[in-house]
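Peer 1: My questions all concern the structure below.
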Amino acid sequence: MSSSKILRTLAQAILAPLIALIVSVIVTSIVVSIAGASIGDFWDVIFTVPTHRNWVNITNQSSMLFLAALAAAIGFRMNLFNIGVEGQYTLAAFAAAAFAGAGWLPGKLNIVGALLVAMAVGAIWAGIAGVLKVTRGVSEVISTIMLNAIAGTMIGYLLNNYGNQYGQGRRTTPIPGSSQLSGWTPWSAGDGPIWTLTILAVLAGVTMSIVINRTRFGFDLRATGMNEDAAVASGVKVKRMVVISMLISGAIAGLVWMPALFGAADYYGPPFQRALGFTGIAVALLGRNRPLGIFFGAVLFAWLSEQANPLSLVADISPSVVQVTQGVVVLAVVIAYEVVRRWMAAYEQRELKQALGTEVRA
Amino acid sequence: MSAAVTEGDTTAGAPSGGVVVRDILKQFPGVVANHDVNITIRPGTVHALIGENGAGKSTLMKILYGVQKPDAGTISVDGTEVTFSSPTDAIKAGIGMVFQHFMLADNLTVLENVVLGAERLHGIGDAARAEVARISDAYGFGLDPDMLVERLGVGQRQRVEILKVLYRGAKIIILDEPTAVLVPQEVDALFDNLRELRASGHTILFISHKLDEVLDIADDITVMRRGQTVGEADPKTATKKQLAELMVGSELPSPETEESTVTDHVLLALEHVGVVDDTGRPVLKDITFSIRKGEVLGIAGVEGNGQEELVETIMGMYRGTGRITLDGKDVHHWDTRDRREAGIGFIPADRHKHGLLLDAPLWENRVLGHQTRPPGSNGLFITASDAKADTERIVREYDVRTPSINTNARALSGGNQQKLIVGREMSGDPVLLIASHPTRGVDVGAQAAIWDHIKRARREGLAVLLISADLDELIGLSDTIEVILRGALVGRFDPQSVTPQELGSAMTGGGDA
Ligand SMILES: Nc1ncnc2c1ncn2[C@@H]1O[C@H](COP(=O)(O)OP(=O)(O)OP(=O)(O)O)[C@@H](O)[C@H]1O
Ligand SMILES: [Mg+2]
């Protein structure tokens with residue numbers, strides 16, 4: 001690669017997100033002022049240096065968003081729209097909590113068992129959509145949306161019949177103390193721990209980027225995404241790839257809530273965090289389906305949510321306004337990448353023209 | 001330089017109509033596709049544009065049709081300077097274009113395809129039908145407006161494309177390699193249509209790599225080399241040899257079989273192979289043939305008579321009845337990957353659809369189809385550095401013109417994409433090569449090189465199934481020629497004695513009539 005090309009790639013990598021960020025700031029400011037709040041106060045809150053406690057929360061939250069986005073991205077790379085990350089991780093979280101709560105396995109082994117259960121349940125739930133697609137031609141968009149609804153109903157039914165009453169709602173049996181993880185407390189205990197299983201996000205991210213970029217399987221997956229006919233002619237069994245990709249996507253989705261389960265929640269019940277699956281899809285778009293991009297996207301989203309909490313106190317505006325920001329960021333990124341790509345092309349042409357002016361006429 | 005060929009001087013006096021292109025410059029990242037391009041197209045003539053692969057012909061046509069914007073230079077139509085920011089502008093100025101890859105909706109009728117997007121001209125009712133019928137009659141197209149396009153052959157589809165352009169009022173018609181997909185009879189029919197169009201005052205600009213055709217129909221010839229127009233030739237006096245020299249500066253090749261290298265070892269055998277399509281219509285009927293090591297079996301036929309289905313059945317992309325054996329082994333339960341791993345190379349007829357990942361770099365395209373073996377992978381991981389090194393080899397041996405092996409396949413000209421595919425499929429010592437139109441869209445020099453590669457591999461025992469619309473290529477390379485018509489093999493010919501005329505008549509069923 002020539003140095004100018006490296007420069008261009010760098011510029012594209014930095015310039016596009018930067019433009020997207022600036023556009024998002026402007027649009028959000030307009031929304032905030034329409035909502036009747038002070039723009040200055042709003043940004044003051046968002047850009048306050050996070051406290052130690054905030055940092056811990058941002059880290060924990062990003063790990064779950066990252067896993068959800070990674071799950072969605074694997075499908076996207078193959079033109080599969082797994083909208084069902086939501087249902088997959090919810091059902092997997094419930095199953096893993098129930099399994100771990102039963103305490104069949106001792107201590108840490110119980111955790112490993114529960115993780116496997118979570119991955120299996122997520123994989124099966126996504127796999128159903130994959131199998132329906134290749135055998136019956138059912139669009140995975142439709143089937144995963146329906147599977148989301150079914151997952152919700154199923155959990156409600158199971159909790160009602162087998163769960164324990166707890167306060168206003170119902171929950172699974174809490175997991176035994178020996179299977180809980182204390183996490184890592186970089187600052188004082190009052191700031192809370194960084195959950196041990198946030199490491200799952202790192203492991204999954206590294207593994208998937210190797211699998212997608214370096215392995216034969218990943219090549220087949222990308223080839224299918226780029227040109228299905230050519231992939232078939234090259235020997236890729238596309239139907240099998242669809243099912244396998246859905247299984248992998250679902251297995252990763254299954255892990256989404258695991259850091260929280262073993263780090264803080266101890267059971268599946270009312271404090272369960274919903275919508276991570278849908279937010280994950282937005283983060284995947286933001287990160288352009290690349291692990292590194294998704295990482296930054298997840299941190300950004302987690303930051304915005306965390307920093308927004310005091311908004312109603314300080315700036316008299318609902319914290320949900322940051323959801324507007326999150327939405328705008330995704331749109332802005334998609335647009336900014338295209339704009340920057342065109343700039344780069346135009347710039348390249350000017351460069352060439354100058355080089356040519358001396359060469360061709362010589 | 002001979003008297004018939006005037007190098008460089010393209011500055012004829014401004015005509016009263018037609019198209020004048022001056023000093024066009026067009027660059028892509030890393031490539032100068034056009035520079036100092038000057039052409040004068042006289043009104044009411046057929047103008048041919050020739051040049052080697054990557055010379056910039058398609059780019060120039062796209063500029064004239066407003067698909068791409070030139071970085072510098074001017075275009076004038078009928079004496080007035082024009083700038084096109086989209087094909088809509090070009091159409092307004094009376095310029096229409098037929099791309100090499102047809103853009104028709106199969107499940108619509110001829111009429112619907114023509115009217116689609118031009119509803120404002122004559123509505124979509126009787127007026128439109130009358131207009132379509134009028135144009136079809138006027139130029140002898142013989143198209144039925146209510147025929148479904150999926151029922152049409154390639155030649156007819158091309159006429160629909162031309163009709164579309166005429167319907168929109170084009171006076172200047174651009175055709176990019178219109179004859180590449182046609183068999184000789186269809187070429188003759190096309191040329192008759194073009195002559196009618198010329199007689200009625202239309203101007204035609206077309207690209208071809210087939211110099212005989214160019215000499216046959218063109219009134220003027222412009223030659224491009226390395227992005228530049230380098231000269232004009234007069235078809236009345238120029239010879240193929242002169243044109244080829246102007247284009248590539250090399251001798252004109254002709255495919256000639258040498259001594260037969262056919263062995264007794266049967267490599268591929270098909271017995272009573274049949275295939276039906278989704279609607280239950282038979283597309284291959286009782287196909288039986290065998291190819292031995294060192295043998296080239298040519299299949300002659302008008303496109304759309306089952307060739308696609310035949311190669312895709314052998315590749316395992318279609319399932320049919322009957323028996324296929326590779327080197328004695330029944331391949332019924334083998335999928336496409338098994339067959340490729342067993343050493344089948346596959347040059348598809350449609351390179352964009354089946355042969356390339358257009359948005360992936362060349363070296364990844366080298367891996368495509370070879371994902372399971374070196375140098376593409378070690379079974380589990382892609383071995384990028386080996387794949388890159390081997391891509392460099394292909395680029396060198398097959399003369400693929402590209403800025404680098406990290407360039408995306410999309411940026412290559414059609415002929416250079418084809419060379420890359422041929423190089424890839426000849427890699428890894430295949431035992432059987434399924435070659436559909438292996439030299440489609442490549443220039444005369446590259447064509448000769450590809451023929452040499454195939455001949456060399458055949459001497460070393462390669463079995464080849466060759467499908468081609470180029471009868472000279474078929475006759476020159478094949479040891480045996482089978483003719484396919486409506487999904488069945490209808491005749492077997494010895495290339496030593498058969499003439500293109502005889503083949504042509506068998507291909508269209510003329511032999512039985
Ligand atoms: N979209 C593009 N991006 C980058 N480079 C391009 C693009 N289109 C064409 N080129 C380059 O411009 C040059 C001219 O290409 P063009 O397609 O005009 O050739 P051509 O004369 O039509 O060749 P062929 O006979 O092989 O079709 C080539 O070097 C090609 O690689
Ligand atoms: Mg071309």
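So you can find residues: chains in the structure tokens are A, B, ... in the order shown, residues in each start at 1, and ligands are numbered from 1 in order.
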Mind checking which residues fall within 9 Å of Ala411 of chain B, counting only C-alpha atoms, ignoring those fewer than 6 positions away in the same chain, and posting them as a PDB file with C-alpha atoms, in the first residue's frame?
Peer 2:
```pdb
ATOM      1  CA  PHE B  28     -10.240   6.579 -12.270  1.00  0.00           C
ATOM      2  CA  PRO B  29      -8.190   6.060  -9.135  1.00  0.00           C
ATOM      3  CA  LEU B 358     -16.769  -7.251  -8.066  1.00  0.00           C
ATOM      4  CA  ASP B 359     -16.211  -5.404  -4.798  1.00  0.00           C
ATOM      5  CA  THR B 402      -4.449  -3.634 -13.457  1.00  0.00           C
ATOM      6  CA  GLN B 417     -11.700  -9.382 -15.829  1.00  0.00           C
TER       7      GLN B 417
END
```
Peer 1: List as an MDAnalysis selection string the protein and nucleic acid residues near Gln307 of chain A, meaning an atom at most 8 Å away when only C-alpha atoms are counted, but skip any in the same chain fewer than 3 places from it.
Peer 2: chainID A and resid 45:48 50 54 303:304 310:311
Peer 1: Provide as an MDAnalysis selection string the residues of chain A at most 7 Å from chain B, counting only C-alpha atoms.
Peer 2: chainID A and resid 214:216 223 226:227 229:230 233:236 348:349
Peer 1: Counting only C-alpha atoms and all ligand atoms, which protein, DNA or RNA residues come within 8 Å of ligand 2, given as a PyMOL selection string?
Peer 2: chain B and resi 53-54+56-59+176-177+413-415+441
Peer 1: Can you list, as a list in words, every residue of segment 152-360 of chain A that DSSP puts in strand (DSSP E)?
Peer 2: Asn164, Gln165, Tyr166, Gly169, Arg170 and Arg171 of chain A
Peer 1: With N, CA, C and O atoms kept, could you save the residues just selected as an mmCIF file, in the first residue's frame?
Peer 2:
```
data_model
loop_
_atom_site.group_PDB
_atom_site.id
_atom_site.type_symbol
_atom_site.label_atom_id
_atom_site.label_comp_id
_atom_site.auth_asym_id
_atom_site.auth_seq_id
_atom_site.Cartn_x
_atom_site.Cartn_y
_atom_site.Cartn_z
ATOM 1 N N ASN A 164 -40.822 -17.916 40.693
ATOM 2 C CA ASN A 164 -41.171 -17.590 42.080
ATOM 3 C C ASN A 164 -41.762 -16.194 42.119
ATOM 4 O O ASN A 164 -41.332 -15.303 41.372
ATOM 5 N N GLN A 165 -42.696 -16.001 43.047
ATOM 6 C CA GLN A 165 -43.232 -14.662 43.243
ATOM 7 C C GLN A 165 -42.148 -13.827 43.905
ATOM 8 O O GLN A 165 -41.426 -14.292 44.797
ATOM 9 N N TYR A 166 -41.981 -12.591 43.415
ATOM 10 C CA TYR A 166 -40.955 -11.735 44.022
ATOM 11 C C TYR A 166 -41.440 -10.312 43.924
ATOM 12 O O TYR A 166 -41.497 -9.742 42.823
ATOM 13 N N GLY A 169 -43.558 -8.831 40.829
ATOM 14 C CA GLY A 169 -43.466 -9.703 39.664
ATOM 15 C C GLY A 169 -43.005 -11.109 39.996
ATOM 16 O O GLY A 169 -43.099 -11.554 41.142
ATOM 17 N N ARG A 170 -42.533 -11.784 38.981
ATOM 18 C CA ARG A 170 -42.034 -13.145 39.201
ATOM 19 C C ARG A 170 -40.612 -13.240 38.683
ATOM 20 O O ARG A 170 -40.187 -12.485 37.829
ATOM 21 N N ARG A 171 -39.889 -14.188 39.193
ATOM 22 C CA ARG A 171 -38.495 -14.323 38.768
ATOM 23 C C ARG A 171 -38.075 -15.781 38.831
ATOM 24 O O ARG A 171 -38.761 -16.625 39.423
#
```
Peer 1: What's the 8 Å shell around Phe66 of chain A, counting only C-alpha atoms, without same-chain residues fewer than 6 positions away, as a list in words?
Peer 2: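 In the requested form, the answer reads Ala201, Gly280, Val283, Ile294, Phe295 and Ala298 of chain A.
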Peer 1: Could those selected residues go to a file with all heavy atoms, as a short mmCIF file (atom, residue, chain, number, x, y, z; two decimals), in the first residue's frame?
Peer 2:
```
data_model
loop_
_atom_site.label_atom_id
_atom_site.label_comp_id
_atom_site.auth_asym_id
_atom_site.auth_seq_id
_atom_site.Cartn_x
_atom_site.Cartn_y
_atom_site.Cartn_z
N ALA A 201 -17.35 -10.17 25.67
CA ALA A 201 -17.42 -9.28 24.51
C ALA A 201 -16.07 -9.25 23.80
O ALA A 201 -15.99 -9.33 22.57
CB ALA A 201 -17.82 -7.88 24.95
N GLY A 280 -28.77 -3.04 19.52
CA GLY A 280 -27.60 -3.70 18.90
C GLY A 280 -27.62 -3.58 17.39
O GLY A 280 -26.57 -3.40 16.76
N VAL A 283 -26.33 -0.26 16.57
CA VAL A 283 -24.88 -0.19 16.79
C VAL A 283 -24.13 -0.90 15.67
O VAL A 283 -23.08 -0.45 15.21
CB VAL A 283 -24.51 -0.78 18.17
CG1 VAL A 283 -23.00 -0.87 18.33
CG2 VAL A 283 -25.12 0.06 19.29
N ILE A 294 -17.94 -1.54 15.62
CA ILE A 294 -19.00 -1.86 16.58
C ILE A 294 -18.55 -1.52 18.00
O ILE A 294 -19.33 -1.03 18.82
CB ILE A 294 -19.37 -3.35 16.48
CG1 ILE A 294 -20.00 -3.64 15.13
CG2 ILE A 294 -20.34 -3.74 17.59
CD1 ILE A 294 -20.26 -5.11 14.90
N PHE A 295 -17.28 -1.76 18.27
CA PHE A 295 -16.76 -1.44 19.60
C PHE A 295 -16.96 0.05 19.90
O PHE A 295 -17.51 0.42 20.92
CB PHE A 295 -15.27 -1.81 19.68
CG PHE A 295 -14.57 -1.25 20.87
CD1 PHE A 295 -14.75 -1.80 22.14
CD2 PHE A 295 -13.74 -0.13 20.74
CE1 PHE A 295 -14.12 -1.26 23.24
CE2 PHE A 295 -13.11 0.41 21.84
CZ PHE A 295 -13.30 -0.15 23.09
N ALA A 298 -20.63 0.86 20.32
CA ALA A 298 -21.20 0.40 21.59
C ALA A 298 -20.81 1.35 22.72
O ALA A 298 -21.64 1.72 23.55
CB ALA A 298 -20.72 -1.02 21.88
#
```
Peer 1: Separation of atom CA of Leu182 of chain B and atom CA of Thr508 of chain B, in Å?
Peer 2: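 One can read the atom CA of Leu182 of chain B to atom CA of Thr508 of chain B distance as 12.5 Å.
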Peer 1: I want to know what sits within 8 Å of Ala151 of chain A, based on only C-alpha atoms, with residues of the same chain fewer than 2 positions away left out; could you give that as a ChimeraX atom specification?
Peer 2: /A:87-88,90-91,147-149,153-155
Peer 1: Rank B:Ile204, B:Ile394, B:Val248, B:Val275 by their smallest atom-to-atom distance to ligand 1, using only C-alpha atoms and all ligand atoms, and report the top residue only.
Peer 2: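 Looking only at the distances to ligand 1, the closest residue turns out to be B:Val248.
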Peer 1: Please report, as number ranges by chain, each residue of segment 123-176 of chain A to which DSSP assigns helix (DSSP H, G or I) when run on this structure's backbone.
Peer 2: A: 123-136, 140-162
Peer 1: Give me the residues within 10 Å of Lys236 of chain B as an NGL selection string, counting only C-alpha atoms and dropping any in the same chain fewer than 6 places off.
Peer 2: :B and (4 or 215-216 or 218-220)
Peer 1: Using C-alpha atoms, can you write the selected residues to a file as a JSON list (two decimals), in the first residue's frame?
Peer 2:
```
[["chain", "number", "residue", "atom", "x", "y", "z"],
["B", 4, "ALA", "CA", -5.40, 3.37, -45.87],
["B", 215, "LEU", "CA", -14.57, -4.37, -41.93],
["B", 216, "ASP", "CA", -17.89, -5.79, -43.07],
["B", 218, "ALA", "CA", -18.34, 0.02, -40.67],
["B", 219, "ASP", "CA", -18.08, 3.20, -42.72],
["B", 220, "ASP", "CA", -15.38, 4.58, -40.44]]
```
Peer 1: Between segment 88-172 of chain B and segment 63-68 of chain B, at 7 Å or less, what are the per-residue closest atom pairs and their distances in Å? Count only C-alpha atoms, order by chain and rising residue number, and return it as CSV.
Peer 2:
```
residue,atom,partner,partner_atom,distance
B:Ala90,CA,B:Tyr65,CA,5.4
B:Ile95,CA,B:Tyr65,CA,6.6
B:Gly96,CA,B:Tyr65,CA,6.8
B:Met97,CA,B:Tyr65,CA,6.6
```
Peer 1: Please produce an output containing all heavy atoms for each residue in the selection, written as a PDB file, in the first residue's frame.
Peer 2:
```
ATOM      1  N   ALA B  90     -28.672  12.586 -22.267  1.00  0.00           N
ATOM      2  CA  ALA B  90     -28.187  12.028 -23.525  1.00  0.00           C
ATOM      3  C   ALA B  90     -29.364  11.658 -24.418  1.00  0.00           C
ATOM      4  O   ALA B  90     -29.349  11.909 -25.626  1.00  0.00           O
ATOM      5  CB  ALA B  90     -27.310  10.810 -23.259  1.00  0.00           C
ATOM      6  N   ILE B  95     -29.265  10.532 -28.114  1.00  0.00           N
ATOM      7  CA  ILE B  95     -28.301   9.434 -28.024  1.00  0.00           C
ATOM      8  C   ILE B  95     -28.872   8.318 -27.165  1.00  0.00           C
ATOM      9  O   ILE B  95     -29.381   8.553 -26.070  1.00  0.00           O
ATOM     10  CB  ILE B  95     -26.976   9.926 -27.398  1.00  0.00           C
ATOM     11  CG1 ILE B  95     -26.357  11.007 -28.293  1.00  0.00           C
ATOM     12  CG2 ILE B  95     -26.003   8.770 -27.212  1.00  0.00           C
ATOM     13  CD1 ILE B  95     -25.027  11.528 -27.809  1.00  0.00           C
ATOM     14  N   GLY B  96     -28.806   7.093 -27.678  1.00  0.00           N
ATOM     15  CA  GLY B  96     -29.268   5.932 -26.910  1.00  0.00           C
ATOM     16  C   GLY B  96     -28.181   4.890 -26.862  1.00  0.00           C
ATOM     17  O   GLY B  96     -27.299   4.859 -27.726  1.00  0.00           O
ATOM     18  N   MET B  97     -28.215   4.042 -25.831  1.00  0.00           N
ATOM     19  CA  MET B  97     -27.138   3.051 -25.714  1.00  0.00           C
ATOM     20  C   MET B  97     -27.686   1.677 -25.354  1.00  0.00           C
ATOM     21  O   MET B  97     -28.600   1.542 -24.542  1.00  0.00           O
ATOM     22  CB  MET B  97     -26.139   3.508 -24.643  1.00  0.00           C
ATOM     23  CG  MET B  97     -25.045   2.492 -24.371  1.00  0.00           C
ATOM     24  SD  MET B  97     -23.577   3.271 -23.658  1.00  0.00           S
ATOM     25  CE  MET B  97     -22.559   1.845 -23.347  1.00  0.00           C
TER      26      MET B  97
END
```
Peer 1: Which of these, B:Gln228, B:Gln496, B:Thr74, B:Ser436, has the shortest distance to ligand 1 once you count only C-alpha atoms and all ligand atoms?
Peer 2: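 The closest residue to ligand 1 is B:Gln228.
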Peer 1: What gap, in Å, lies between atom CA of Val331 of chain B and atom CA of Glu309 of chain B?
Peer 2: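 Atom-to-atom, atom CA of Val331 of chain B to atom CA of Glu309 of chain B, that is 16.5 Å.
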